[in-house]
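One file, upload_1.txt, is given below (compact mmCIF, C-alpha atoms and all ligand atoms).
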```txt
# COMPACT_ATOMS: atom_id res chain seq x y z
CA MET A 1 -10.88 -13.95 -20.97
CA VAL A 2 -11.55 -15.19 -17.46
CA SER A 3 -9.41 -17.96 -16.00
CA PHE A 4 -9.32 -18.95 -12.34
CA GLN A 5 -9.07 -21.73 -9.80
CA PHE A 6 -11.11 -22.20 -6.63
CA HIS A 7 -10.40 -24.85 -4.00
CA LEU A 8 -11.98 -24.86 -0.55
CA PRO A 9 -11.84 -28.33 1.01
CA VAL A 10 -13.79 -27.40 4.18
CA GLN A 11 -17.18 -28.82 5.07
CA ILE A 12 -19.07 -25.73 6.27
CA ARG A 13 -22.01 -26.04 8.63
CA PHE A 14 -23.58 -22.61 9.13
CA GLY A 15 -26.58 -21.60 11.21
CA LYS A 16 -28.03 -21.05 14.65
CA GLY A 17 -27.87 -24.22 16.69
CA ARG A 18 -25.52 -26.04 14.30
CA ILE A 19 -23.06 -26.59 17.17
CA GLN A 20 -25.33 -29.51 18.03
CA ASP A 21 -23.98 -31.24 14.87
CA LEU A 22 -20.58 -31.75 16.49
CA GLN A 23 -21.03 -35.26 17.85
CA SER A 24 -22.46 -36.59 14.59
CA ILE A 25 -19.54 -35.03 12.70
CA ILE A 26 -16.97 -36.73 14.92
CA GLY A 27 -18.88 -40.03 14.97
CA ASP A 28 -16.90 -43.08 16.04
CA ARG A 29 -13.81 -42.44 13.89
CA PHE A 30 -12.00 -40.61 16.69
CA LYS A 31 -11.85 -41.24 20.42
CA ARG A 32 -9.15 -38.92 21.74
CA ILE A 33 -9.83 -35.24 21.17
CA LEU A 34 -8.01 -32.02 22.06
CA ILE A 35 -10.01 -28.79 22.39
CA VAL A 36 -7.71 -25.80 21.81
CA THR A 37 -9.12 -22.58 23.22
CA ASP A 38 -8.32 -19.60 25.44
CA LYS A 39 -9.32 -18.82 29.00
CA GLY A 40 -11.90 -16.19 27.93
CA VAL A 41 -13.80 -18.61 25.71
CA ALA A 42 -13.40 -21.46 28.15
CA GLU A 43 -14.85 -19.43 31.00
CA LYS A 44 -17.34 -17.00 29.46
CA SER A 45 -18.89 -18.27 26.23
CA ARG A 46 -21.72 -20.71 25.86
CA ALA A 47 -19.63 -22.75 23.47
CA LEU A 48 -18.22 -25.22 25.97
CA GLU A 49 -21.68 -25.62 27.52
CA ALA A 50 -22.91 -26.67 24.09
CA ILE A 51 -19.93 -28.89 23.29
CA LEU A 52 -19.07 -30.81 26.45
CA PRO A 53 -22.42 -32.67 26.80
CA GLN A 54 -21.77 -34.05 23.28
CA MET A 55 -18.32 -35.31 24.28
CA GLN A 56 -19.26 -37.97 26.82
CA ASP A 57 -18.19 -40.90 24.61
CA TYR A 58 -14.75 -39.41 24.00
CA HIS A 59 -11.56 -38.81 25.92
CA VAL A 60 -11.32 -35.02 25.85
CA THR A 61 -8.35 -32.86 26.83
CA LEU A 62 -8.93 -29.11 27.22
CA PHE A 63 -5.94 -26.94 26.27
CA ASN A 64 -6.99 -23.41 27.26
CA GLN A 65 -3.59 -21.69 27.26
CA VAL A 66 -3.78 -19.88 23.93
CA GLU A 67 -2.99 -16.18 24.28
CA GLN A 68 -3.99 -13.36 21.91
CA ASN A 69 -1.56 -13.68 19.00
CA PRO A 70 -0.33 -17.21 19.77
CA SER A 71 3.40 -17.72 20.22
CA TYR A 72 5.63 -20.56 19.07
CA LYS A 73 6.06 -21.56 22.72
CA THR A 74 2.31 -22.18 23.00
CA LEU A 75 2.45 -24.47 19.97
CA GLU A 76 5.25 -26.49 21.61
CA LYS A 77 3.18 -26.84 24.80
CA GLY A 78 0.30 -28.07 22.66
CA ARG A 79 2.57 -30.60 20.93
CA GLU A 80 3.53 -32.05 24.33
CA VAL A 81 -0.12 -32.41 25.33
CA VAL A 82 -1.02 -34.09 22.03
CA HIS A 83 1.76 -36.65 22.45
CA ARG A 84 1.01 -37.18 26.16
CA ASP A 85 -2.68 -37.89 25.51
CA ASP A 86 -2.29 -39.62 22.15
CA ILE A 87 -4.70 -37.15 20.48
CA GLU A 88 -6.40 -38.09 17.19
CA LEU A 89 -8.47 -34.97 16.40
CA ILE A 90 -8.07 -31.27 17.24
CA ILE A 91 -10.90 -28.78 17.73
CA GLY A 92 -10.02 -25.07 17.52
CA LEU A 93 -12.61 -23.15 19.52
CA GLY A 94 -12.66 -19.35 19.84
CA GLY A 95 -11.46 -16.39 17.82
CA GLY A 96 -8.57 -16.44 15.38
CA SER A 97 -5.91 -17.12 18.00
CA PRO A 98 -7.22 -20.52 19.21
CA MET A 99 -8.14 -21.61 15.68
CA ASP A 100 -4.67 -20.69 14.38
CA ALA A 101 -3.02 -22.38 17.37
CA ALA A 102 -5.12 -25.52 16.70
CA LYS A 103 -3.76 -25.58 13.14
CA GLY A 104 -0.16 -25.16 14.35
CA ILE A 105 -0.52 -27.87 17.00
CA ALA A 106 -2.09 -30.21 14.39
CA VAL A 107 1.05 -29.76 12.27
CA LEU A 108 3.54 -30.25 15.12
CA ALA A 109 1.64 -33.31 16.36
CA LYS A 110 2.72 -35.25 13.29
CA ASN A 111 5.95 -33.47 12.31
CA GLU A 112 9.12 -33.25 14.38
CA LYS A 113 10.63 -29.90 13.43
CA THR A 114 9.68 -26.47 14.82
CA MET A 115 6.95 -24.31 13.31
CA GLN A 116 9.57 -21.70 12.39
CA GLU A 117 11.35 -24.32 10.25
CA TYR A 118 8.13 -25.20 8.41
CA MET A 119 7.43 -21.50 7.93
CA ALA A 120 10.91 -21.12 6.43
CA GLY A 121 9.98 -23.68 3.78
CA GLU A 122 10.77 -27.12 5.25
CA PRO A 123 8.29 -29.61 3.76
CA LEU A 124 5.94 -31.47 6.11
CA ASP A 125 6.83 -35.15 6.60
CA ALA A 126 3.26 -36.17 7.41
CA ASP A 127 -0.28 -34.82 7.18
CA PRO A 128 -1.34 -32.80 10.23
CA LEU A 129 -4.01 -34.18 12.55
CA PRO A 130 -7.55 -33.44 11.32
CA ILE A 131 -8.95 -30.11 12.52
CA ILE A 132 -12.48 -28.93 13.30
CA CYS A 133 -12.86 -25.15 13.70
CA ILE A 134 -15.61 -23.52 15.74
CA PRO A 135 -15.40 -19.70 15.68
CA THR A 136 -16.93 -17.71 18.55
CA THR A 137 -16.25 -14.30 16.97
CA SER A 138 -17.11 -12.97 13.52
CA GLY A 139 -13.76 -11.86 12.22
CA THR A 140 -10.74 -13.86 11.31
CA GLY A 141 -12.09 -16.26 8.73
CA SER A 142 -9.55 -18.80 9.99
CA GLU A 143 -12.32 -21.42 9.86
CA VAL A 144 -12.06 -21.46 6.06
CA THR A 145 -8.43 -20.57 5.33
CA PRO A 146 -5.16 -22.51 4.93
CA PHE A 147 -3.44 -19.83 7.07
CA ALA A 148 -2.36 -19.57 10.68
CA VAL A 149 -0.65 -16.49 12.11
CA PHE A 150 1.94 -16.82 14.87
CA THR A 151 3.95 -14.29 16.84
CA ASP A 152 7.62 -14.28 17.75
CA THR A 153 7.27 -12.54 21.10
CA GLU A 154 10.99 -11.70 21.35
CA GLU A 155 11.40 -10.26 17.85
CA GLN A 156 7.87 -8.74 17.96
CA VAL A 157 7.05 -10.14 14.55
CA LYS A 158 3.83 -11.74 13.29
CA ASP A 159 4.08 -14.19 10.40
CA ALA A 160 1.55 -16.32 8.59
CA PHE A 161 2.01 -20.04 7.93
CA SER A 162 0.22 -21.04 4.77
CA HIS A 163 -0.25 -24.69 3.80
CA PRO A 164 -3.07 -26.51 1.99
CA GLN A 165 -2.99 -29.26 4.65
CA ILE A 166 -4.16 -26.89 7.40
CA PHE A 167 -7.58 -26.22 5.97
CA PRO A 168 -9.97 -27.44 8.67
CA ALA A 169 -11.83 -30.62 7.65
CA VAL A 170 -15.06 -29.19 9.06
CA SER A 171 -16.08 -25.77 10.39
CA ILE A 172 -19.20 -25.10 12.41
CA ILE A 173 -20.24 -21.44 12.26
CA ASP A 174 -23.04 -21.07 14.78
CA PRO A 175 -23.95 -17.38 15.23
CA GLU A 176 -25.40 -18.15 18.70
CA LEU A 177 -21.83 -18.71 19.92
CA THR A 178 -21.02 -15.05 19.19
CA TYR A 179 -23.87 -13.62 21.32
CA THR A 180 -21.73 -13.19 24.46
CA VAL A 181 -18.92 -11.30 22.70
CA SER A 182 -18.27 -7.73 23.98
CA LYS A 183 -19.14 -4.62 21.95
CA THR A 184 -15.46 -3.78 21.58
CA VAL A 185 -14.61 -7.20 20.17
CA ILE A 186 -17.59 -7.05 17.78
CA ALA A 187 -16.31 -3.71 16.39
CA ASN A 188 -12.67 -4.83 16.18
CA THR A 189 -13.43 -8.14 14.50
CA ALA A 190 -15.81 -6.41 12.06
CA LEU A 191 -12.86 -4.28 10.94
CA ASP A 192 -10.96 -7.51 10.29
CA VAL A 193 -13.85 -8.77 8.11
CA LEU A 194 -14.01 -5.50 6.18
CA THR A 195 -10.28 -5.34 5.54
CA HIS A 196 -10.14 -9.01 4.51
CA ALA A 197 -12.86 -8.27 1.97
CA ILE A 198 -11.22 -5.06 0.71
CA GLU A 199 -7.72 -6.56 0.44
CA ALA A 200 -9.05 -9.68 -1.31
CA TYR A 201 -10.84 -7.41 -3.81
CA PHE A 202 -7.62 -5.44 -4.46
CA SER A 203 -5.28 -8.47 -4.51
CA LYS A 204 -3.58 -9.45 -7.75
CA ASP A 205 -5.11 -12.90 -7.09
CA ALA A 206 -8.72 -11.59 -7.08
CA GLN A 207 -11.08 -13.64 -9.25
CA PRO A 208 -14.81 -13.73 -10.06
CA PHE A 209 -15.84 -16.04 -7.19
CA THR A 210 -13.98 -14.03 -4.57
CA ASP A 211 -15.22 -10.72 -6.05
CA ALA A 212 -18.79 -11.98 -5.63
CA MET A 213 -18.09 -12.91 -2.01
CA VAL A 214 -16.48 -9.56 -1.24
CA LEU A 215 -19.27 -7.52 -2.83
CA GLU A 216 -21.81 -9.48 -0.78
CA ALA A 217 -19.80 -9.23 2.47
CA ILE A 218 -18.96 -5.49 2.60
CA PRO A 219 -22.54 -4.11 2.39
CA LEU A 220 -23.61 -6.72 4.96
CA VAL A 221 -21.00 -5.47 7.45
CA LEU A 222 -21.77 -1.80 6.79
CA GLU A 223 -25.48 -2.43 7.34
CA ALA A 224 -25.32 -4.91 10.22
CA LEU A 225 -22.45 -3.63 12.37
CA ALA A 226 -24.37 -0.94 14.31
CA PRO A 227 -27.20 -3.30 15.37
CA ALA A 228 -24.69 -6.14 15.92
CA ILE A 229 -22.81 -3.97 18.43
CA LYS A 230 -26.13 -3.69 20.30
CA HIS A 231 -26.27 -7.50 20.24
CA ASN A 232 -29.16 -7.69 17.78
CA GLU A 233 -29.19 -11.39 16.97
CA ASP A 234 -30.17 -11.16 13.30
CA ALA A 235 -27.40 -8.60 12.75
CA MET A 236 -24.89 -10.87 14.54
CA GLU A 237 -25.91 -13.69 12.19
CA LYS A 238 -25.21 -11.40 9.22
CA MET A 239 -21.78 -10.57 10.66
CA ALA A 240 -20.98 -14.29 11.02
CA TYR A 241 -21.98 -14.85 7.39
CA ALA A 242 -19.95 -11.84 6.18
CA SER A 243 -16.92 -13.10 8.10
CA LEU A 244 -17.25 -16.49 6.42
CA LEU A 245 -17.48 -14.90 2.96
CA ALA A 246 -14.45 -12.66 3.56
CA GLY A 247 -12.54 -15.66 4.94
CA MET A 248 -13.24 -17.68 1.79
CA ALA A 249 -12.05 -14.73 -0.29
CA ILE A 250 -8.70 -14.37 1.53
CA ALA A 251 -8.21 -18.14 1.37
CA HIS A 252 -7.72 -17.52 -2.37
CA CYS A 253 -6.45 -13.93 -2.60
CA SER A 254 -4.60 -13.53 0.71
CA THR A 255 -4.35 -10.15 2.40
CA ILE A 256 -2.05 -7.48 0.97
CA LEU A 257 -0.23 -4.33 2.08
CA LEU A 258 -2.74 -3.21 4.71
CA HIS A 259 -2.51 -6.33 6.91
CA ALA A 260 1.29 -6.30 6.55
CA MET A 261 1.40 -2.68 7.75
CA ALA A 262 -0.99 -3.35 10.66
CA TYR A 263 1.05 -6.21 12.18
CA PRO A 264 3.66 -3.93 13.90
CA LEU A 265 0.83 -2.04 15.66
CA THR A 266 -0.23 -5.33 17.22
CA THR A 267 3.21 -6.73 18.06
CA MET A 268 4.74 -3.45 19.29
CA HIS A 269 1.72 -1.56 20.66
CA ARG A 270 -0.74 -4.32 21.50
CA VAL A 271 -3.47 -2.89 19.27
CA PRO A 272 -5.99 -5.70 18.58
CA HIS A 273 -5.59 -7.18 15.08
CA GLY A 274 -8.84 -6.01 13.46
CA LYS A 275 -8.62 -2.56 14.98
CA ALA A 276 -5.02 -2.17 13.74
CA ASN A 277 -6.24 -2.80 10.19
CA GLY A 278 -9.10 -0.30 10.66
CA ILE A 279 -6.79 2.44 11.93
CA LEU A 280 -4.69 2.28 8.75
CA LEU A 281 -7.63 1.77 6.37
CA PRO A 282 -8.20 5.46 5.39
CA ALA A 283 -4.49 6.01 4.58
CA PHE A 284 -4.34 2.69 2.70
CA LEU A 285 -7.39 3.56 0.57
CA LYS A 286 -5.97 7.00 -0.17
CA PHE A 287 -2.67 5.47 -1.31
CA MET A 288 -4.44 2.86 -3.47
CA ARG A 289 -6.70 5.54 -5.01
CA LYS A 290 -3.65 7.55 -6.09
CA SER A 291 -1.00 4.95 -6.83
CA SER A 292 -2.46 1.50 -7.55
CA THR A 293 -3.16 -0.12 -10.90
CA ILE A 294 -6.75 -0.89 -9.86
CA LYS A 295 -8.22 2.57 -9.29
CA GLU A 296 -11.66 1.53 -10.54
CA ARG A 297 -11.79 -1.16 -7.82
CA VAL A 298 -10.82 1.40 -5.19
CA ALA A 299 -13.70 3.58 -6.43
CA VAL A 300 -16.13 0.66 -5.99
CA ILE A 301 -15.08 0.22 -2.35
CA GLU A 302 -15.21 3.96 -1.65
CA GLN A 303 -18.73 4.10 -3.11
CA LEU A 304 -19.82 1.31 -0.76
CA PHE A 305 -18.47 3.33 2.19
CA GLU A 306 -20.44 6.39 0.95
CA THR A 307 -23.57 4.63 2.28
CA VAL A 308 -22.21 5.25 5.79
CA GLY A 309 -20.70 8.69 5.10
CA GLY A 310 -17.23 7.52 4.04
CA VAL A 311 -14.54 5.44 5.68
CA GLU A 312 -13.37 8.11 8.14
CA ALA A 313 -16.93 8.82 9.34
CA PHE A 314 -17.44 5.06 9.69
CA LEU A 315 -14.40 4.78 12.00
CA ASP A 316 -15.45 7.91 13.90
CA GLY A 317 -18.83 6.23 14.50
CA LEU A 318 -16.98 3.34 16.14
CA LYS A 319 -14.93 5.85 18.18
CA ILE A 320 -11.75 4.50 16.58
CA SER A 321 -9.07 7.11 15.98
CA HIS A 322 -7.13 6.75 12.75
CA LYS A 323 -4.12 8.64 14.10
CA LEU A 324 -1.20 6.41 15.07
CA THR A 325 -0.02 8.88 17.71
CA ASP A 326 -3.22 8.09 19.66
CA TYR A 327 -1.86 4.55 20.12
CA GLY A 328 1.54 5.65 21.41
CA VAL A 329 3.37 5.31 18.09
CA GLU A 330 6.31 7.72 17.75
CA SER A 331 7.90 8.95 14.52
CA SER A 332 11.23 7.44 15.59
CA GLU A 333 9.70 3.93 15.40
CA LEU A 334 8.49 4.13 11.83
CA ASP A 335 11.76 2.91 10.31
CA ILE A 336 11.49 -0.25 12.45
CA PHE A 337 7.89 -0.75 11.27
CA VAL A 338 9.00 -0.35 7.65
CA LYS A 339 11.74 -3.01 8.00
CA LYS A 340 9.15 -5.47 9.32
CA VAL A 341 6.75 -4.74 6.45
CA ILE A 342 9.05 -4.65 3.42
CA VAL A 343 9.96 -8.36 3.77
CA LYS A 344 6.34 -9.57 3.66
CA GLU A 345 5.24 -11.79 0.78
CA ASP A 346 1.89 -9.97 0.78
CA LEU A 347 3.51 -7.02 -0.97
CA LYS A 348 4.03 -9.10 -4.12
CA ILE A 349 0.27 -9.40 -4.66
CA THR A 350 -0.41 -5.75 -3.85
CA PRO A 351 -1.19 -4.05 -7.18
CA ALA A 352 1.11 -1.06 -6.70
CA ASN A 353 4.81 -0.36 -6.61
CA ILE A 354 5.74 -0.69 -2.90
CA THR A 355 9.05 0.61 -1.60
CA GLU A 356 10.34 1.35 1.90
CA LYS A 357 9.85 5.05 1.19
CA ILE A 358 6.22 4.52 0.19
CA ILE A 359 5.44 2.41 3.28
CA LYS A 360 6.97 5.09 5.51
CA SER A 361 5.02 7.83 3.79
CA ILE A 362 1.73 5.96 4.36
CA TYR A 363 2.56 5.60 8.07
CA GLU A 364 3.59 9.26 8.24
CA SER A 365 0.29 10.34 6.72
CA THR A 366 -1.49 8.78 9.72
CA MET A 367 0.61 10.45 12.44
FE FE B 401 -7.04 -10.38 9.56
```

Would you give me this structure, written as C-alpha cells?
Amino acid sequence: MVSFQFHLPVQIRFGKGRIQDLQSIIGDRFKRILIVTDKGVAEKSRALEAILPQMQDYHVTLFNQVEQNPSYKTLEKGREVVHRDDIELIIGLGGGSPMDAAKGIAVLAKNEKTMQEYMAGEPLDADPLPIICIPTTSGTGSEVTPFAVFTDTEEQVKDAFSHPQIFPAVSIIDPELTYTVSKTVIANTALDVLTHAIEAYFSKDAQPFTDAMVLEAIPLVLEALAPAIKHNEDAMEKMAYASLLAGMAIAHCSTILLHAMAYPLTTMHRVPHGKANGILLPAFLKFMRKSSTIKERVAVIEQLFETVGGVEAFLDGLKISHKLTDYGVESSELDIFVKKVIVKEDLKITPANITEKIIKSIYESTM
C-alpha cells in the first residue's frame, strides 16, 4: 500500500525569457531589496543585465561577497547589510552558494542568534524574510529545496540547514541565464544533478512522485550533457529542467551517504561540490549494489548508465578521474574523513548498514 506526503510551497516559473517576470512578481509589496550573489555572476553573467532594468522603482542593494561554499562569516556580513538598509525581500542569484547564502541571510535578518545555533536545533523566533531564487547554473536544486549548506572554514566542515521556512517563495528558472557558464561548471553541476537524482531514488524517504521525477531527470542528463557542454541551447534547457526535477526530489528525500562522503573532498581538498560527488559515484554504486536493501533500485540506475557505457565510462568521457589520489588525498587522511561523515544525519536514510569501517572501506576502494 502506497502512502506519502508531498509539499513544495515554491511558485516555479520555468522557461527562456522568464527572468522578465521578476518585476511583476515583486509588484508593489516590497520596496527595499537585497540581491545576494557572487563576483563571478555579478560580473560575467547576463543575469544582472536582465534584472537591473526591472529594478528602477526599488531601492536595491547588491551583496556580491558570497564565496564558493558560503561561510558563517558571510551570513553575518549579510545580516549587517540587511539591517543597515532595512531590507524587505532577498533575491538569491547564482549557483548554489549565493542561493544558500540568501536563505541564511533571510533567517538571520529576522532572528537574533547565530546560524550555528539554529542548525543545532534552536527554534526560529520569526519567519525569515521572503526569498526569490534565480539559478544561473543547472545543478544544486536550491531553488526548490528547504536546505542551505554552509561551511565552517576553520573546522573544514560542511553542514546543511534544513527548515520549511526557507523554501523560496518564488523561483525563476530561465535557461538563458546558464548560457555563459563554463564547460567545466556545466560538467560539475551536472554531476550534482545526477547524484541528487540517484540519492533521492535510493533514500529511505523515496516515494512515487520523487521516483517519477528522478526517472525523468537521469535520462535527460545522460542524453543532454554532451551537447550542453558544447553550449547547445536546447540541451542546456534540458539540463535546467533536470536540475529542477532532481531538486524537487531531494527536497523530499534528502541526499544520503554519497553527498556526506563527498563533503570532505570539498572542504579539505577544494574539489567542487558536484565533481566531488561524481568522483565517489562508482564506489558508492558498487557498495549499494552489494550491501544495500534496495538492490533492484541500484540495478535500475546502473541500467540507465548502460546507455552511455556505464558510470565509469561516463566519468572518463568527462575526463574526471575517480581516484582520490588524483586529488591529493592521502591514506593517512581517511580516518579524519570518516569522523566527519559518521555524524551526518543523511546516514539514517541510507538503506544500508553504515559503520565507520564501511565508510573507510568505500574511500579505500577509490584510492
Ligand atoms: Fe548537491

Within 9 Å of ligand FE 401 (chain B): each chain A residue with its shortest pair, only C-alpha atoms and all ligand atoms, as JSON lines:
```
{"residue": "A:Gly96", "atom": "CA", "partner": "B:FE401", "partner_atom": "FE", "distance": 8.5}
{"residue": "A:Gly139", "atom": "CA", "partner": "B:FE401", "partner_atom": "FE", "distance": 7.4}
{"residue": "A:Thr140", "atom": "CA", "partner": "B:FE401", "partner_atom": "FE", "distance": 5.4}
{"residue": "A:Gly141", "atom": "CA", "partner": "B:FE401", "partner_atom": "FE", "distance": 7.8}
{"residue": "A:Ser142", "atom": "CA", "partner": "B:FE401", "partner_atom": "FE", "distance": 8.8}
{"residue": "A:Thr189", "atom": "CA", "partner": "B:FE401", "partner_atom": "FE", "distance": 8.4}
{"residue": "A:Leu191", "atom": "CA", "partner": "B:FE401", "partner_atom": "FE", "distance": 8.5}
{"residue": "A:Asp192", "atom": "CA", "partner": "B:FE401", "partner_atom": "FE", "distance": 4.9}
{"residue": "A:Val193", "atom": "CA", "partner": "B:FE401", "partner_atom": "FE", "distance": 7.1}
{"residue": "A:Thr195", "atom": "CA", "partner": "B:FE401", "partner_atom": "FE", "distance": 7.2}
{"residue": "A:His196", "atom": "CA", "partner": "B:FE401", "partner_atom": "FE", "distance": 6.1}
{"residue": "A:Gly247", "atom": "CA", "partner": "B:FE401", "partner_atom": "FE", "distance": 8.9}
{"residue": "A:Thr255", "atom": "CA", "partner": "B:FE401", "partner_atom": "FE", "distance": 7.7}
{"residue": "A:His259", "atom": "CA", "partner": "B:FE401", "partner_atom": "FE", "distance": 6.6}
{"residue": "A:His273", "atom": "CA", "partner": "B:FE401", "partner_atom": "FE", "distance": 6.5}
{"residue": "A:Gly274", "atom": "CA", "partner": "B:FE401", "partner_atom": "FE", "distance": 6.1}
{"residue": "A:Asn277", "atom": "CA", "partner": "B:FE401", "partner_atom": "FE", "distance": 7.6}
```

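Closest approach to Tyr201 (chain A) from the set A:Pro135, A:Met239, A:Ala249, A:Glu296 is made by A:Ala249, with distances taken over all atoms listed in the file.
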
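The smallest atom-to-atom distance between Pro175 (chain A) and any of A:His231, A:Lys73, A:Arg29, A:Lys158, using all atoms listed in the file, is found for A:His231.
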
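Shortest atom-to-atom contact with Tyr363 (chain A) among A:Leu62, A:Ala160, A:Ala262, A:Cys133: A:Ala262, counting all atoms listed in the file.
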
Selection near region 266-269 of chain A, 12 Å with only C-alpha atoms, sequence-local residues under 3 positions removed, as a count of residues only
38

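One finds CA of Ile173 (chain A) at 25.5 Å from CA of Leu108 (chain A).
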
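Neighbouring residues of region 38-51 of chain A at 8 Å or closer, counting all atoms listed in the file and skipping chain neighbours under 4 positions away, are Ile19, Gln20, Leu22, Met55, Phe63, Asn64, Gln65, Val66, Glu67, Leu93, Gly94, Pro98, Thr136, Leu177, Thr180 and Val181 of chain A.
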
Got time to write the residues from that selection, C-alpha atoms, as a PDB file, keeping the file's coordinate frame?
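Okay, this is what ended up in again_6.pdb:
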```pdb
ATOM      1  CA  ILE A  19     -23.060 -26.590  17.170  1.00  0.00           C
ATOM      2  CA  GLN A  20     -25.330 -29.510  18.030  1.00  0.00           C
ATOM      3  CA  LEU A  22     -20.580 -31.750  16.490  1.00  0.00           C
ATOM      4  CA  MET A  55     -18.320 -35.310  24.280  1.00  0.00           C
ATOM      5  CA  PHE A  63      -5.940 -26.940  26.270  1.00  0.00           C
ATOM      6  CA  ASN A  64      -6.990 -23.410  27.260  1.00  0.00           C
ATOM      7  CA  GLN A  65      -3.590 -21.690  27.260  1.00  0.00           C
ATOM      8  CA  VAL A  66      -3.780 -19.880  23.930  1.00  0.00           C
ATOM      9  CA  GLU A  67      -2.990 -16.180  24.280  1.00  0.00           C
ATOM     10  CA  LEU A  93     -12.610 -23.150  19.520  1.00  0.00           C
ATOM     11  CA  GLY A  94     -12.660 -19.350  19.840  1.00  0.00           C
ATOM     12  CA  PRO A  98      -7.220 -20.520  19.210  1.00  0.00           C
ATOM     13  CA  THR A 136     -16.930 -17.710  18.550  1.00  0.00           C
ATOM     14  CA  LEU A 177     -21.830 -18.710  19.920  1.00  0.00           C
ATOM     15  CA  THR A 180     -21.730 -13.190  24.460  1.00  0.00           C
ATOM     16  CA  VAL A 181     -18.920 -11.300  22.700  1.00  0.00           C
TER      17      VAL A 181
END
```

Within 12 Å of (-15.5, -12.6, -6.7), all atoms listed in the file: residues as a PyMOL selection string?
chain A and resi 2+4-6+197-198+200-203+205-217+245-246+248-250+252-253

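CA of Met288 (chain A) is found 20.7 Å from CA of Lys339 (chain A).
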
One number please: CA of Glu237 (chain A) to CA of Asp21 (chain A), in Å, one decimal.
17.9 Å

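Shell of Ala235 (chain A) at 12 Å, with only C-alpha atoms counted and residues fewer than 5 places along the chain excluded, is Ser138, Pro175, Glu176, Thr178, Tyr179, Ile186, Ala190, Leu220, Val221, Leu222, Glu223, Ala224, Leu225, Ala226, Pro227, Ala228, Ile229, Lys230, Ala240, Tyr241 and Ala242 of chain A.
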
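Distances here use only C-alpha atoms; by that measure, the residue among A:Leu304, A:Ile25, A:Pro351, A:Lys323 closest to Ile256 (chain A) is A:Pro351.
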
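Proximity of A:Leu8, A:Leu89, A:Leu265, A:Val271 to Thr145 (chain A), computed with only C-alpha atoms, is greatest for A:Leu8.
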
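Comparing A:Ile354, A:Val185, A:Ile12, A:Val170 by their smallest distance to Leu257 (chain A), the closest is A:Ile354 (using only C-alpha atoms).
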
Pick out the residues sitting within 12 Å of region 115-126 of chain A, and hand them over as a ChimeraX atom specification; count only C-alpha atoms, and ignore anything fewer than 4 positions along from it in its own chain.
/A:71-76,79,101,103-111,130,147-152,158-166

Could you pull region 126-141 of chain A out of the structure just shown and give N, CA and C atoms as a short mmCIF file (atom, residue, chain, number, x, y, z; two decimals), in the first residue's frame?
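Produced file out.cif, reproduced below:
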```cif
data_model
loop_
_atom_site.label_atom_id
_atom_site.label_comp_id
_atom_site.auth_asym_id
_atom_site.auth_seq_id
_atom_site.Cartn_x
_atom_site.Cartn_y
_atom_site.Cartn_z
N ALA A 126 11.12 34.12 14.49
CA ALA A 126 10.27 34.81 13.50
C ALA A 126 10.50 34.19 12.12
N ASP A 127 9.53 34.39 11.24
CA ASP A 127 9.69 33.91 9.86
C ASP A 127 10.84 34.65 9.18
N PRO A 128 11.64 33.96 8.37
CA PRO A 128 12.68 34.66 7.61
C PRO A 128 12.06 35.66 6.63
N LEU A 129 12.88 36.55 6.10
CA LEU A 129 12.42 37.43 5.03
C LEU A 129 12.04 36.56 3.82
N PRO A 130 11.10 37.03 2.99
CA PRO A 130 10.77 36.26 1.78
C PRO A 130 11.96 36.20 0.82
N ILE A 131 12.06 35.07 0.11
CA ILE A 131 13.21 34.81 -0.76
C ILE A 131 12.72 34.51 -2.18
N ILE A 132 13.40 35.11 -3.15
CA ILE A 132 13.22 34.72 -4.56
C ILE A 132 14.55 34.13 -5.01
N CYS A 133 14.53 32.93 -5.60
CA CYS A 133 15.77 32.34 -6.11
C CYS A 133 15.81 32.37 -7.63
N ILE A 134 16.99 32.72 -8.14
CA ILE A 134 17.20 32.76 -9.59
C ILE A 134 18.51 32.03 -9.88
N PRO A 135 18.43 30.73 -10.23
CA PRO A 135 19.67 29.99 -10.50
C PRO A 135 20.29 30.39 -11.85
N THR A 136 21.63 30.42 -11.88
CA THR A 136 22.34 30.67 -13.13
C THR A 136 23.18 29.46 -13.54
N THR A 137 23.09 28.37 -12.76
CA THR A 137 23.69 27.10 -13.16
C THR A 137 22.60 26.03 -13.04
N SER A 138 22.84 24.89 -13.69
CA SER A 138 21.88 23.79 -13.59
C SER A 138 22.48 22.73 -12.70
N GLY A 139 22.24 22.83 -11.39
CA GLY A 139 22.91 21.88 -10.53
C GLY A 139 22.29 21.70 -9.16
N THR A 140 22.31 22.72 -8.35
CA THR A 140 22.10 22.49 -6.92
C THR A 140 20.67 22.15 -6.54
N GLY A 141 19.72 22.68 -7.29
CA GLY A 141 18.32 22.48 -6.92
C GLY A 141 17.90 23.34 -5.74
#
```
